[in-house]
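Engineer: Got model02.cif for you, mmCIF, C-alpha atoms:
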```cif
data_coords
#
loop_
_atom_site.group_PDB
_atom_site.id
_atom_site.type_symbol
_atom_site.label_atom_id
_atom_site.label_comp_id
_atom_site.auth_asym_id
_atom_site.auth_seq_id
_atom_site.Cartn_x
_atom_site.Cartn_y
_atom_site.Cartn_z
ATOM 1 C CA MET A 1 89.784 115.057 45.801
ATOM 2 C CA HIS A 2 87.728 117.622 47.659
ATOM 3 C CA ILE A 3 88.596 118.088 51.308
ATOM 4 C CA PRO A 4 85.871 119.982 53.196
ATOM 5 C CA PRO A 5 87.118 123.202 54.901
ATOM 6 C CA TRP A 6 86.113 121.999 58.390
ATOM 7 C CA LEU A 7 88.353 118.950 57.949
ATOM 8 C CA LEU A 8 91.272 121.032 56.693
ATOM 9 C CA TYR A 9 91.058 123.386 59.677
ATOM 10 C CA SER A 10 90.593 120.496 62.119
ATOM 11 C CA ILE A 11 93.643 118.718 60.710
ATOM 12 C CA LEU A 12 95.626 121.960 61.040
ATOM 13 C CA THR A 13 94.639 122.104 64.730
ATOM 14 C CA LEU A 14 95.457 118.414 65.155
ATOM 15 C CA ILE A 15 98.930 118.833 63.670
ATOM 16 C CA ALA A 16 99.696 122.157 65.427
ATOM 17 C CA TRP A 17 98.768 120.780 68.859
ATOM 18 C CA GLY A 18 100.450 117.448 68.109
ATOM 19 C CA VAL A 19 103.703 119.249 67.309
ATOM 20 C CA VAL A 20 103.270 121.353 70.484
ATOM 21 C CA GLY A 21 103.419 118.099 72.491
ATOM 22 C CA LEU A 22 106.824 117.381 70.958
ATOM 23 C CA LEU A 23 108.098 120.952 71.427
ATOM 24 C CA GLN A 24 107.107 120.880 75.102
ATOM 25 C CA LYS A 25 109.484 117.982 75.657
ATOM 26 C CA LEU A 26 112.193 119.627 73.539
ATOM 27 C CA SER A 27 111.980 122.907 75.466
ATOM 28 C CA THR A 28 112.376 121.124 78.828
ATOM 29 C CA ASN A 29 115.434 119.359 77.386
ATOM 30 C CA TYR A 30 117.144 122.762 77.294
ATOM 31 C CA ILE A 31 115.462 124.987 79.914
ATOM 32 C CA SER A 32 113.611 124.570 83.224
ATOM 33 C CA ALA A 33 109.874 123.957 83.561
ATOM 34 C CA GLU A 34 109.475 127.509 84.919
ATOM 35 C CA SER A 35 111.308 129.108 81.973
ATOM 36 C CA SER A 36 109.327 126.936 79.540
ATOM 37 C CA LEU A 37 106.114 128.331 81.016
ATOM 38 C CA ILE A 38 107.367 131.924 80.852
ATOM 39 C CA TRP A 39 108.305 131.577 77.155
ATOM 40 C CA LEU A 40 105.016 129.795 76.461
ATOM 41 C CA VAL A 41 103.180 132.862 77.800
ATOM 42 C CA VAL A 42 105.361 135.063 75.555
ATOM 43 C CA GLY A 43 104.265 132.888 72.622
ATOM 44 C CA PHE A 44 100.609 133.312 73.638
ATOM 45 C CA LEU A 45 101.105 137.100 73.801
ATOM 46 C CA ILE A 46 102.452 137.255 70.230
ATOM 47 C CA LEU A 47 99.087 136.056 68.922
ATOM 48 C CA GLU A 48 97.044 138.219 71.302
ATOM 49 C CA PRO A 49 96.246 140.941 68.649
ATOM 50 C CA PHE A 50 94.505 138.283 66.515
ATOM 51 C CA PHE A 51 92.024 137.617 69.309
ATOM 52 C CA TYR A 52 91.291 141.200 70.357
ATOM 53 C CA ARG A 53 87.830 142.378 69.335
ATOM 54 C CA GLY A 54 87.861 145.936 70.695
ATOM 55 C CA PRO A 55 86.580 147.470 73.930
ATOM 56 C CA ALA A 56 83.348 145.415 73.745
ATOM 57 C CA ILE A 57 85.285 143.082 76.004
ATOM 58 C CA PHE A 58 84.350 145.196 79.052
ATOM 59 C CA HIS A 59 80.615 144.790 78.456
ATOM 60 C CA TYR A 60 80.461 141.131 79.400
ATOM 61 C CA SER A 61 79.282 140.171 82.867
ATOM 62 C CA LYS A 62 81.896 140.300 85.625
ATOM 63 C CA VAL A 63 81.243 136.672 86.529
ATOM 64 C CA ASN A 64 81.975 135.381 83.031
ATOM 65 C CA LEU A 65 85.005 137.662 82.651
ATOM 66 C CA THR A 66 86.318 136.203 85.919
ATOM 67 C CA TYR A 67 85.713 132.658 84.637
ATOM 68 C CA ALA A 68 87.625 133.458 81.420
ATOM 69 C CA LEU A 69 90.593 134.975 83.285
ATOM 70 C CA LEU A 70 90.667 132.179 85.863
ATOM 71 C CA SER A 71 90.585 129.604 83.055
ATOM 72 C CA GLY A 72 93.859 131.077 81.764
ATOM 73 C CA LEU A 73 95.353 131.081 85.258
ATOM 74 C CA LEU A 74 94.492 127.412 85.819
ATOM 75 C CA ASN A 75 95.721 126.476 82.351
ATOM 76 C CA ALA A 76 99.072 128.124 83.066
ATOM 77 C CA VAL A 77 99.466 126.259 86.374
ATOM 78 C CA GLY A 78 98.578 123.050 84.505
ATOM 79 C CA ALA A 79 101.084 123.851 81.756
ATOM 80 C CA TRP A 80 103.797 124.434 84.371
ATOM 81 C CA ALA A 81 102.960 121.020 85.925
ATOM 82 C CA LEU A 82 103.123 119.464 82.446
ATOM 83 C CA PHE A 83 106.583 120.968 81.863
ATOM 84 C CA ALA A 84 107.648 119.799 85.342
ATOM 85 C CA SER A 85 106.427 116.296 84.472
ATOM 86 C CA LEU A 86 108.456 116.257 81.246
ATOM 87 C CA LYS A 87 111.481 117.778 83.019
ATOM 88 C CA SER A 88 111.399 115.071 85.707
ATOM 89 C CA GLY A 89 111.615 112.244 83.188
ATOM 90 C CA GLY A 90 108.087 111.967 81.765
ATOM 91 C CA LYS A 91 108.079 110.881 78.128
ATOM 92 C CA ALA A 92 106.215 113.054 75.608
ATOM 93 C CA SER A 93 104.564 109.903 74.211
ATOM 94 C CA ILE A 94 103.071 109.110 77.631
ATOM 95 C CA VAL A 95 102.501 112.546 79.184
ATOM 96 C CA ALA A 96 100.688 114.000 76.122
ATOM 97 C CA PRO A 97 97.921 111.356 75.963
ATOM 98 C CA LEU A 98 97.723 111.239 79.766
ATOM 99 C CA THR A 99 97.177 114.984 80.190
ATOM 100 C CA ALA A 100 94.690 115.056 77.284
ATOM 101 C CA LEU A 101 92.338 113.090 79.527
ATOM 102 C CA TYR A 102 91.476 116.211 81.582
ATOM 103 C CA PRO A 103 87.766 116.072 80.546
ATOM 104 C CA VAL A 104 87.505 113.346 83.208
ATOM 105 C CA VAL A 105 87.783 116.098 85.823
ATOM 106 C CA VAL A 106 85.029 118.109 84.106
ATOM 107 C CA ILE A 107 82.709 115.086 84.062
ATOM 108 C CA ALA A 108 83.416 114.415 87.747
ATOM 109 C CA LEU A 109 82.795 118.071 88.694
ATOM 110 C CA VAL A 110 79.699 118.791 86.578
ATOM 111 C CA PRO A 111 77.182 116.921 88.785
ATOM 112 C CA VAL A 112 78.650 118.504 91.945
ATOM 113 C CA LEU A 113 79.122 122.106 90.772
ATOM 114 C CA LEU A 114 76.514 122.556 88.045
ATOM 115 C CA HIS A 115 73.957 120.011 89.295
ATOM 116 C CA GLU A 116 73.718 118.628 85.762
ATOM 117 C CA SER A 117 73.470 114.903 85.132
ATOM 118 C CA VAL A 118 76.177 113.166 83.116
ATOM 119 C CA PRO A 119 75.027 110.711 80.382
ATOM 120 C CA PRO A 120 76.107 107.068 80.943
ATOM 121 C CA LEU A 121 78.239 107.130 77.770
ATOM 122 C CA GLN A 122 80.386 109.896 79.289
ATOM 123 C CA TRP A 123 80.944 107.740 82.384
ATOM 124 C CA ALA A 124 82.022 104.945 80.003
ATOM 125 C CA GLY A 125 84.508 107.488 78.619
ATOM 126 C CA VAL A 126 85.805 108.071 82.159
ATOM 127 C CA GLY A 127 86.232 104.281 82.515
ATOM 128 C CA CYS A 128 88.234 104.135 79.265
ATOM 129 C CA ALA A 129 90.332 107.092 80.421
ATOM 130 C CA LEU A 130 91.193 105.410 83.725
ATOM 131 C CA ILE A 131 92.176 102.181 81.927
ATOM 132 C CA ALA A 132 94.278 104.327 79.566
ATOM 133 C CA VAL A 133 96.087 105.982 82.509
ATOM 134 C CA ILE A 134 96.995 102.607 84.038
ATOM 135 C CA LEU A 135 98.162 101.076 80.733
ATOM 136 C CA LEU A 136 100.068 104.176 79.570
ATOM 137 C CA SER A 137 101.862 104.504 82.905
ATOM 138 C CA ALA A 138 102.679 100.772 83.182
ATOM 139 C CA MET B 139 109.079 79.811 92.280
ATOM 140 C CA ASN B 140 105.426 80.851 92.436
ATOM 141 C CA GLU B 141 106.056 83.380 95.141
ATOM 142 C CA ILE B 142 108.196 85.656 92.992
ATOM 143 C CA PRO B 143 105.474 86.757 90.533
ATOM 144 C CA ARG B 144 103.068 87.181 93.437
ATOM 145 C CA GLN B 145 105.465 89.596 95.074
ATOM 146 C CA GLU B 146 106.081 91.421 91.817
ATOM 147 C CA ALA B 147 102.466 91.818 90.779
ATOM 148 C CA PRO B 148 101.425 94.508 93.280
ATOM 149 C CA GLY B 149 104.731 96.241 92.676
ATOM 150 C CA ARG B 150 103.861 96.946 89.051
ATOM 151 C CA LEU B 151 101.987 100.104 89.923
ATOM 152 C CA GLN B 152 104.754 101.147 92.284
ATOM 153 C CA PRO B 153 107.091 102.748 89.711
ATOM 154 C CA MET B 154 104.204 104.813 88.357
ATOM 155 C CA LEU B 155 103.043 106.003 91.775
ATOM 156 C CA SER B 156 106.540 106.807 92.995
ATOM 157 C CA ALA B 157 107.497 108.648 89.793
ATOM 158 C CA ARG B 158 107.449 112.427 90.137
ATOM 159 C CA TRP B 159 106.500 112.886 86.501
ATOM 160 C CA PHE B 160 103.253 110.997 87.100
ATOM 161 C CA TRP B 161 102.141 113.256 89.958
ATOM 162 C CA TYR B 162 103.017 116.394 88.017
ATOM 163 C CA ALA B 163 100.967 115.048 85.085
ATOM 164 C CA LEU B 164 98.090 114.454 87.504
ATOM 165 C CA ILE B 165 98.311 118.076 88.757
ATOM 166 C CA CYS B 166 98.157 119.146 85.095
ATOM 167 C CA VAL B 167 95.025 117.035 84.502
ATOM 168 C CA ILE B 168 93.290 118.544 87.550
ATOM 169 C CA CYS B 169 94.191 122.135 86.576
ATOM 170 C CA TRP B 170 93.198 121.619 82.941
ATOM 171 C CA GLY B 171 89.914 120.084 84.115
ATOM 172 C CA GLY B 172 89.265 123.344 85.978
ATOM 173 C CA TRP B 173 90.329 125.335 82.897
ATOM 174 C CA ALA B 174 87.935 123.367 80.664
ATOM 175 C CA LEU B 175 85.050 123.801 83.112
ATOM 176 C CA LEU B 176 85.617 127.557 83.539
ATOM 177 C CA SER B 177 85.986 127.963 79.745
ATOM 178 C CA LYS B 178 82.673 126.189 79.315
ATOM 179 C CA LEU B 179 81.023 128.505 81.853
ATOM 180 C CA GLY B 180 82.564 131.705 80.462
ATOM 181 C CA SER B 181 81.792 130.845 76.837
ATOM 182 C CA ARG B 182 78.042 130.767 77.564
ATOM 183 C CA GLU B 183 78.236 134.545 77.093
ATOM 184 C CA ILE B 184 81.701 135.371 75.710
ATOM 185 C CA PRO B 185 82.608 134.420 72.078
ATOM 186 C CA PRO B 186 85.581 132.041 71.550
ATOM 187 C CA ASP B 187 88.110 134.588 70.240
ATOM 188 C CA THR B 188 87.505 136.913 73.199
ATOM 189 C CA MET B 189 87.695 133.900 75.552
ATOM 190 C CA GLN B 190 91.117 133.156 74.049
ATOM 191 C CA PHE B 191 92.174 136.803 74.524
ATOM 192 C CA LEU B 192 91.116 136.797 78.176
ATOM 193 C CA PHE B 193 92.648 133.349 78.670
ATOM 194 C CA THR B 194 96.084 134.723 77.725
ATOM 195 C CA VAL B 195 95.625 137.681 80.097
ATOM 196 C CA GLY B 196 94.836 135.078 82.769
ATOM 197 C CA THR B 197 98.117 133.231 82.137
ATOM 198 C CA LEU B 198 100.156 136.416 82.716
ATOM 199 C CA PRO B 199 100.152 136.361 86.555
ATOM 200 C CA ILE B 200 101.633 132.840 86.580
ATOM 201 C CA GLY B 201 104.312 133.796 84.048
ATOM 202 C CA LEU B 202 105.155 136.947 86.043
ATOM 203 C CA ALA B 203 105.137 135.087 89.380
ATOM 204 C CA LEU B 204 107.626 132.533 88.020
ATOM 205 C CA LEU B 205 109.752 135.312 86.531
ATOM 206 C CA ILE B 206 109.871 137.055 89.922
ATOM 207 C CA ALA B 207 110.561 133.765 91.713
ATOM 208 C CA ARG B 208 113.558 133.272 89.421
ATOM 209 C CA ARG B 209 114.573 136.945 89.966
ATOM 210 C CA GLY B 210 114.442 137.470 86.217
ATOM 211 C CA ARG B 211 117.226 134.964 85.637
ATOM 212 C CA LEU B 212 116.329 132.740 82.705
ATOM 213 C CA GLU B 213 118.539 130.191 80.958
ATOM 214 C CA LYS B 214 120.184 131.603 77.840
ATOM 215 C CA SER B 215 119.490 128.589 75.676
ATOM 216 C CA THR B 216 118.366 129.872 72.270
ATOM 217 C CA ARG B 217 116.884 126.496 71.394
ATOM 218 C CA GLY B 218 115.007 126.204 74.676
ATOM 219 C CA ILE B 219 113.594 129.732 74.281
ATOM 220 C CA ALA B 220 112.658 129.122 70.621
ATOM 221 C CA TYR B 221 110.858 125.877 71.469
ATOM 222 C CA GLY B 222 109.126 127.572 74.413
ATOM 223 C CA VAL B 223 107.861 130.546 72.370
ATOM 224 C CA LEU B 224 106.880 128.270 69.479
ATOM 225 C CA ASN B 225 104.785 126.234 71.961
ATOM 226 C CA GLY B 226 102.680 129.299 72.659
ATOM 227 C CA VAL B 227 102.452 130.430 69.023
ATOM 228 C CA LEU B 228 101.516 126.977 67.690
ATOM 229 C CA SER B 229 98.957 126.493 70.482
ATOM 230 C CA GLY B 230 97.374 129.781 69.388
ATOM 231 C CA VAL B 231 97.520 128.854 65.684
ATOM 232 C CA GLY B 232 95.814 125.557 66.531
ATOM 233 C CA GLY B 233 93.170 127.505 68.458
ATOM 234 C CA LEU B 234 92.599 129.911 65.549
ATOM 235 C CA ALA B 235 92.248 126.995 63.117
ATOM 236 C CA LEU B 236 89.750 125.401 65.490
ATOM 237 C CA PHE B 237 87.637 128.590 65.608
ATOM 238 C CA ALA B 238 87.807 128.676 61.783
ATOM 239 C CA ALA B 239 86.660 125.048 61.650
ATOM 240 C CA TYR B 240 83.644 125.819 63.864
ATOM 241 C CA HIS B 241 82.820 128.797 61.621
ATOM 242 C CA THR B 242 82.523 126.564 58.539
ATOM 243 C CA ASN B 243 79.321 125.025 59.954
ATOM 244 C CA GLY B 244 80.952 121.600 59.861
ATOM 245 C CA ASN B 245 79.809 118.936 62.307
ATOM 246 C CA THR B 246 80.873 120.246 65.743
ATOM 247 C CA THR B 247 81.361 116.761 67.205
ATOM 248 C CA LEU B 248 83.630 115.672 64.354
ATOM 249 C CA ILE B 249 85.670 118.888 64.602
ATOM 250 C CA THR B 250 86.064 118.531 68.381
ATOM 251 C CA ALA B 251 86.969 114.838 68.141
ATOM 252 C CA THR B 252 89.482 115.305 65.301
ATOM 253 C CA SER B 253 91.317 118.165 67.010
ATOM 254 C CA ALA B 254 91.236 116.507 70.455
ATOM 255 C CA LEU B 255 93.108 113.498 69.109
ATOM 256 C CA TYR B 256 96.311 115.606 68.932
ATOM 257 C CA PRO B 257 98.218 113.380 71.418
ATOM 258 C CA MET B 258 98.251 110.649 68.769
ATOM 259 C CA ILE B 259 100.373 112.948 66.569
ATOM 260 C CA THR B 260 102.636 113.717 69.550
ATOM 261 C CA VAL B 261 103.157 109.990 70.189
ATOM 262 C CA VAL B 262 104.146 109.349 66.563
ATOM 263 C CA LEU B 263 106.538 112.338 66.574
ATOM 264 C CA ALA B 264 108.035 111.378 69.952
ATOM 265 C CA VAL B 265 108.676 107.799 68.814
ATOM 266 C CA VAL B 266 110.065 108.807 65.398
ATOM 267 C CA ILE B 267 112.008 111.987 66.280
ATOM 268 C CA LEU B 268 112.871 111.583 69.969
ATOM 269 C CA ARG B 269 113.245 107.784 69.653
ATOM 270 C CA GLU B 270 111.114 107.250 72.743
ATOM 271 C CA SER B 271 110.308 103.601 73.372
ATOM 272 C CA PHE B 272 106.619 102.744 73.278
ATOM 273 C CA ARG B 273 105.609 99.288 74.497
ATOM 274 C CA PRO B 274 102.589 97.283 73.217
ATOM 275 C CA ILE B 275 100.769 97.731 76.556
ATOM 276 C CA GLN B 276 101.163 101.494 76.184
ATOM 277 C CA ALA B 277 99.826 101.290 72.620
ATOM 278 C CA LEU B 278 96.755 99.571 74.079
ATOM 279 C CA GLY B 279 96.531 102.421 76.596
ATOM 280 C CA LEU B 280 96.666 104.878 73.706
ATOM 281 C CA VAL B 281 93.702 103.106 72.056
ATOM 282 C CA PHE B 282 91.679 103.475 75.276
ATOM 283 C CA ALA B 283 92.738 107.140 75.511
ATOM 284 C CA ALA B 284 91.569 107.707 71.912
ATOM 285 C CA ILE B 285 88.200 106.067 72.659
ATOM 286 C CA ALA B 286 87.830 108.232 75.792
ATOM 287 C CA ILE B 287 88.724 111.415 73.850
ATOM 288 C CA VAL B 288 86.173 110.631 71.121
ATOM 289 C CA ILE B 289 83.455 109.896 73.728
ATOM 290 C CA PHE B 290 84.257 113.174 75.537
ATOM 291 C CA SER B 291 83.755 115.025 72.230
ATOM 292 C CA LEU B 292 80.197 113.725 71.808
#
```
Any chance you could give the structure as structure tokens?
Structural biologist:
Amino acid sequence: MHIPPWLLYSILTLIAWGVVGLLQKLSTNYISAESSLIWLVVGFLILEPFFYRGPAIFHYSKVNLTYALLSGLLNAVGAWALFASLKSGGKASIVAPLTALYPVVVIALVPVLLHESVPPLQWAGVGCALIAVILLSA
Amino acid sequence: MNEIPRQEAPGRLQPMLSARWFWYALICVICWGGWALLSKLGSREIPPDTMQFLFTVGTLPIGLALLIARRGRLEKSTRGIAYGVLNGVLSGVGGLALFAAYHTNGNTTLITATSALYPMITVVLAVVILRESFRPIQALGLVFAAIAIVIFSL
């Protein structure tokens, strides 16, 4: 059986991130949400050399560099909130699918911030996401 | 007899709205929405691996702020620390595999959709390993979440 490389890599991502959802809950079983975030950042730093592509980094526009840095900042605040959710009794099986619905926020913000229209199918996705939130949290 | 269900019906949402975990999860969704939007904007010019590098630099101030807030005092649980660090490493490995997938010239939509369905794996692991209970209504919610995730990948 031939498995195409894109599928192999995608499945690796799927499994790695799926396991992360479990480990997030496990870490908050032993340490606080704040410590979990600090050690998460340490984990990120370990892989940092794999992503470094030399000093070319400083040649990108300041605006886009700011966006990239701010994206990390916001992700870390979100990750802390996720750990806090798990620490205060949230189940991994509920919190993981719930927090994966963050594209809803992007779809809601795109027309306002980027003045781009959102296709109707994406709004249908938002509808499904909202139903999912209600059913998952029931 | 009929009055009891009528009183209970509006109260069904009450546990969810009064639960702290729910509001924290909502804060996470809002922040990650901002992260996704800023990543989208930044990656118009910056390649994915460099975006990931800068992303980690961006997480540092929050990690340092929390470290200072705790005056450097962290719990000495080896397991907790190991799980915490592994969270970061596995997130990065998943990211690297995703970049590799995009480099194979495979269908971008299929790659995005497959990888974005990661919560389904978490649910299975949480039910099997952590023995978390998962009711039929929540399974239905998971189906809607999966549909939403696939639509968002299009």
Engineer: Quick one: which residues end up in the PyMOL selection byres ((chain A and resi 16) around 8) for this structure, as a list in words?
Structural biologist: Leu12, Thr13, Leu14, Ile15, Trp17, Gly18, Val19 and Val20 of chain A; Leu228, Ser229, Val231 and Gly232 of chain B
Engineer: Next, the residues of the selection above should be written as a compact mmCIF listing (two decimals), in the frame of the given file with C-alpha atoms.
Structural biologist:
```txt
# COMPACT_ATOMS: atom_id res chain seq x y z
CA LEU A 12 95.63 121.96 61.04
CA THR A 13 94.64 122.10 64.73
CA LEU A 14 95.46 118.41 65.16
CA ILE A 15 98.93 118.83 63.67
CA TRP A 17 98.77 120.78 68.86
CA GLY A 18 100.45 117.45 68.11
CA VAL A 19 103.70 119.25 67.31
CA VAL A 20 103.27 121.35 70.48
CA LEU B 228 101.52 126.98 67.69
CA SER B 229 98.96 126.49 70.48
CA VAL B 231 97.52 128.85 65.68
CA GLY B 232 95.81 125.56 66.53
```
Engineer: Leaving out region 78-86 of chain A and any residue of its chain fewer than 2 positions from it, which residues lie within 8 Å of it when counting all atoms listed in the file, given as a PyMOL selection string?
Structural biologist: (chain A and resi 24-25+28+32-34+36-37+74-76+88-92+95+99) or (chain B and resi 158-163+165-170)
Engineer: Using the chain letters and residue numbers of this document, give as a short mmCIF file (atom, residue, chain, number, x, y, z; two decimals) with C-alpha atoms, keeping the file's coordinate frame the residues selected by the PyMOL selection byres ((chain B and resi 215) around 12).
Structural biologist:
```cif
data_model
loop_
_atom_site.label_atom_id
_atom_site.label_comp_id
_atom_site.auth_asym_id
_atom_site.auth_seq_id
_atom_site.Cartn_x
_atom_site.Cartn_y
_atom_site.Cartn_z
CA LEU A 26 112.19 119.63 73.54
CA SER A 27 111.98 122.91 75.47
CA THR A 28 112.38 121.12 78.83
CA ASN A 29 115.43 119.36 77.39
CA TYR A 30 117.14 122.76 77.29
CA ILE A 31 115.46 124.99 79.91
CA SER A 32 113.61 124.57 83.22
CA SER A 35 111.31 129.11 81.97
CA SER A 36 109.33 126.94 79.54
CA TRP A 39 108.30 131.58 77.16
CA LEU B 212 116.33 132.74 82.70
CA GLU B 213 118.54 130.19 80.96
CA LYS B 214 120.18 131.60 77.84
CA THR B 216 118.37 129.87 72.27
CA ARG B 217 116.88 126.50 71.39
CA GLY B 218 115.01 126.20 74.68
CA ILE B 219 113.59 129.73 74.28
CA ALA B 220 112.66 129.12 70.62
CA TYR B 221 110.86 125.88 71.47
CA GLY B 222 109.13 127.57 74.41
#
```
Engineer: So which residues get picked by the PyMOL selection byres ((chain B and resi 276-278) around 10) here, written as a list in words?
Structural biologist: Ser93, Ile94, Ile131, Ala132, Val133, Ile134, Leu135, Leu136, Ser137 and Ala138 of chain A; Val261, Ser271, Phe272, Arg273, Pro274, Ile275, Gly279, Leu280, Val281, Phe282, Ala283 and Ala284 of chain B
Engineer: With C-alpha atoms retained, write the just-selected residues as a PDB file, in the coordinates of the input.
Structural biologist:
```
ATOM      1  CA  SER A  93     104.564 109.903  74.211  1.00  0.00           C
ATOM      2  CA  ILE A  94     103.071 109.110  77.631  1.00  0.00           C
ATOM      3  CA  ILE A 131      92.176 102.181  81.927  1.00  0.00           C
ATOM      4  CA  ALA A 132      94.278 104.327  79.566  1.00  0.00           C
ATOM      5  CA  VAL A 133      96.087 105.982  82.509  1.00  0.00           C
ATOM      6  CA  ILE A 134      96.995 102.607  84.038  1.00  0.00           C
ATOM      7  CA  LEU A 135      98.162 101.076  80.733  1.00  0.00           C
ATOM      8  CA  LEU A 136     100.068 104.176  79.570  1.00  0.00           C
ATOM      9  CA  SER A 137     101.862 104.504  82.905  1.00  0.00           C
ATOM     10  CA  ALA A 138     102.679 100.772  83.182  1.00  0.00           C
TER      11      ALA A 138
ATOM     12  CA  VAL B 261     103.157 109.990  70.189  1.00  0.00           C
ATOM     13  CA  SER B 271     110.308 103.601  73.372  1.00  0.00           C
ATOM     14  CA  PHE B 272     106.619 102.744  73.278  1.00  0.00           C
ATOM     15  CA  ARG B 273     105.609  99.288  74.497  1.00  0.00           C
ATOM     16  CA  PRO B 274     102.589  97.283  73.217  1.00  0.00           C
ATOM     17  CA  ILE B 275     100.769  97.731  76.556  1.00  0.00           C
ATOM     18  CA  GLY B 279      96.531 102.421  76.596  1.00  0.00           C
ATOM     19  CA  LEU B 280      96.666 104.878  73.706  1.00  0.00           C
ATOM     20  CA  VAL B 281      93.702 103.106  72.056  1.00  0.00           C
ATOM     21  CA  PHE B 282      91.679 103.475  75.276  1.00  0.00           C
ATOM     22  CA  ALA B 283      92.738 107.140  75.511  1.00  0.00           C
ATOM     23  CA  ALA B 284      91.569 107.707  71.912  1.00  0.00           C
TER      24      ALA B 284
END
```
Engineer: Step by step: start from the point (92.0, 129.3, 63.3) in the file's coordinates, keep every protein, DNA or RNA residue that has an atom no farther than 12 Å from it, count only C-alpha atoms, and write the set as an MDAnalysis selection string.
Structural biologist: (chainID A and resid 5:6 8:14 16 47 50:51) or (chainID B and resid 186:187 190 227:242 253)
Engineer: Quick one, how far is CA of Ser181 (chain B) from CA of Val63 (chain A)?
Structural biologist: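 If I compute the distance from CA of Ser181 (chain B) to CA of Val63 (chain A), I get 11.3 Å.
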Engineer: Just want the 10 Å neighbourhood of Pro103 (chain A), counted on all atoms listed in the file, with same-chain residues fewer than 4 positions away dropped. Output as a ChimeraX atom specification.
Structural biologist: /A:99,107-109,122,125-126,129 /B:167-168,170-175,286-287,290-291
Engineer: Could the residues in this selection be saved with C-alpha atoms as a short mmCIF file (atom, residue, chain, number, x, y, z; two decimals), in the frame of the given file?
Structural biologist:
```cif
data_model
loop_
_atom_site.label_atom_id
_atom_site.label_comp_id
_atom_site.auth_asym_id
_atom_site.auth_seq_id
_atom_site.Cartn_x
_atom_site.Cartn_y
_atom_site.Cartn_z
CA THR A 99 97.18 114.98 80.19
CA ILE A 107 82.71 115.09 84.06
CA ALA A 108 83.42 114.42 87.75
CA LEU A 109 82.80 118.07 88.69
CA GLN A 122 80.39 109.90 79.29
CA GLY A 125 84.51 107.49 78.62
CA VAL A 126 85.80 108.07 82.16
CA ALA A 129 90.33 107.09 80.42
CA VAL B 167 95.02 117.04 84.50
CA ILE B 168 93.29 118.54 87.55
CA TRP B 170 93.20 121.62 82.94
CA GLY B 171 89.91 120.08 84.12
CA GLY B 172 89.26 123.34 85.98
CA TRP B 173 90.33 125.34 82.90
CA ALA B 174 87.94 123.37 80.66
CA LEU B 175 85.05 123.80 83.11
CA ALA B 286 87.83 108.23 75.79
CA ILE B 287 88.72 111.42 73.85
CA PHE B 290 84.26 113.17 75.54
CA SER B 291 83.76 115.02 72.23
#
```
Engineer: To one decimal place, how far is CA of Lys178 (chain B) from CA of Ala254 (chain B) in Å?
Structural biologist: 15.7 Å
Engineer: Enter the distance from CA of Leu179 (chain B) to CA of Ile38 (chain A), in Å, rounded to one decimal.
Structural biologist: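 Computing it gives 26.6 Å between the two atoms.
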Engineer: Give, as lines of an AutoDock Vina configuration file, the centre coordinates and the x, y and z edge lengths in Å to one decimal for an axis-aligned box around all listed atoms of region 64-81 of chain A, padded by 5 Å on each side.
Structural biologist:
```
center_x = 92.9
center_y = 129.3
center_z = 83.9
size_x = 31.8
size_y = 26.6
size_z = 15.0
```
Engineer: Reconstruct region 91-100 of chain A at the level of N, CA and C atoms, and format the result as a PDB file, in the frame of the given file.
Structural biologist:
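Full text of result_0.pdb as output:
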```
ATOM      1  N   LYS A  91     107.901 110.925  79.588  1.00  0.00           N
ATOM      2  CA  LYS A  91     108.079 110.881  78.128  1.00  0.00           C
ATOM      3  C   LYS A  91     106.936 111.628  77.465  1.00  0.00           C
ATOM      4  N   ALA A  92     107.259 112.326  76.347  1.00  0.00           N
ATOM      5  CA  ALA A  92     106.215 113.054  75.608  1.00  0.00           C
ATOM      6  C   ALA A  92     105.121 112.095  75.150  1.00  0.00           C
ATOM      7  N   SER A  93     105.521 110.872  74.744  1.00  0.00           N
ATOM      8  CA  SER A  93     104.564 109.903  74.211  1.00  0.00           C
ATOM      9  C   SER A  93     103.614 109.375  75.284  1.00  0.00           C
ATOM     10  N   ILE A  94     103.951 109.562  76.542  1.00  0.00           N
ATOM     11  CA  ILE A  94     103.071 109.110  77.631  1.00  0.00           C
ATOM     12  C   ILE A  94     102.334 110.309  78.232  1.00  0.00           C
ATOM     13  N   VAL A  95     103.080 111.383  78.499  1.00  0.00           N
ATOM     14  CA  VAL A  95     102.501 112.546  79.184  1.00  0.00           C
ATOM     15  C   VAL A  95     101.437 113.236  78.319  1.00  0.00           C
ATOM     16  N   ALA A  96     101.665 113.322  76.996  1.00  0.00           N
ATOM     17  CA  ALA A  96     100.688 114.000  76.122  1.00  0.00           C
ATOM     18  C   ALA A  96      99.319 113.312  76.156  1.00  0.00           C
ATOM     19  N   PRO A  97      99.252 111.991  75.895  1.00  0.00           N
ATOM     20  CA  PRO A  97      97.921 111.356  75.963  1.00  0.00           C
ATOM     21  C   PRO A  97      97.322 111.371  77.371  1.00  0.00           C
ATOM     22  N   LEU A  98      98.207 111.260  78.377  1.00  0.00           N
ATOM     23  CA  LEU A  98      97.723 111.239  79.766  1.00  0.00           C
ATOM     24  C   LEU A  98      97.045 112.561  80.128  1.00  0.00           C
ATOM     25  N   THR A  99      97.711 113.680  79.803  1.00  0.00           N
ATOM     26  CA  THR A  99      97.177 114.984  80.190  1.00  0.00           C
ATOM     27  C   THR A  99      95.994 115.407  79.320  1.00  0.00           C
ATOM     28  N   ALA A 100      95.837 114.737  78.148  1.00  0.00           N
ATOM     29  CA  ALA A 100      94.690 115.056  77.284  1.00  0.00           C
ATOM     30  C   ALA A 100      93.392 114.480  77.856  1.00  0.00           C
TER      31      ALA A 100
END
```
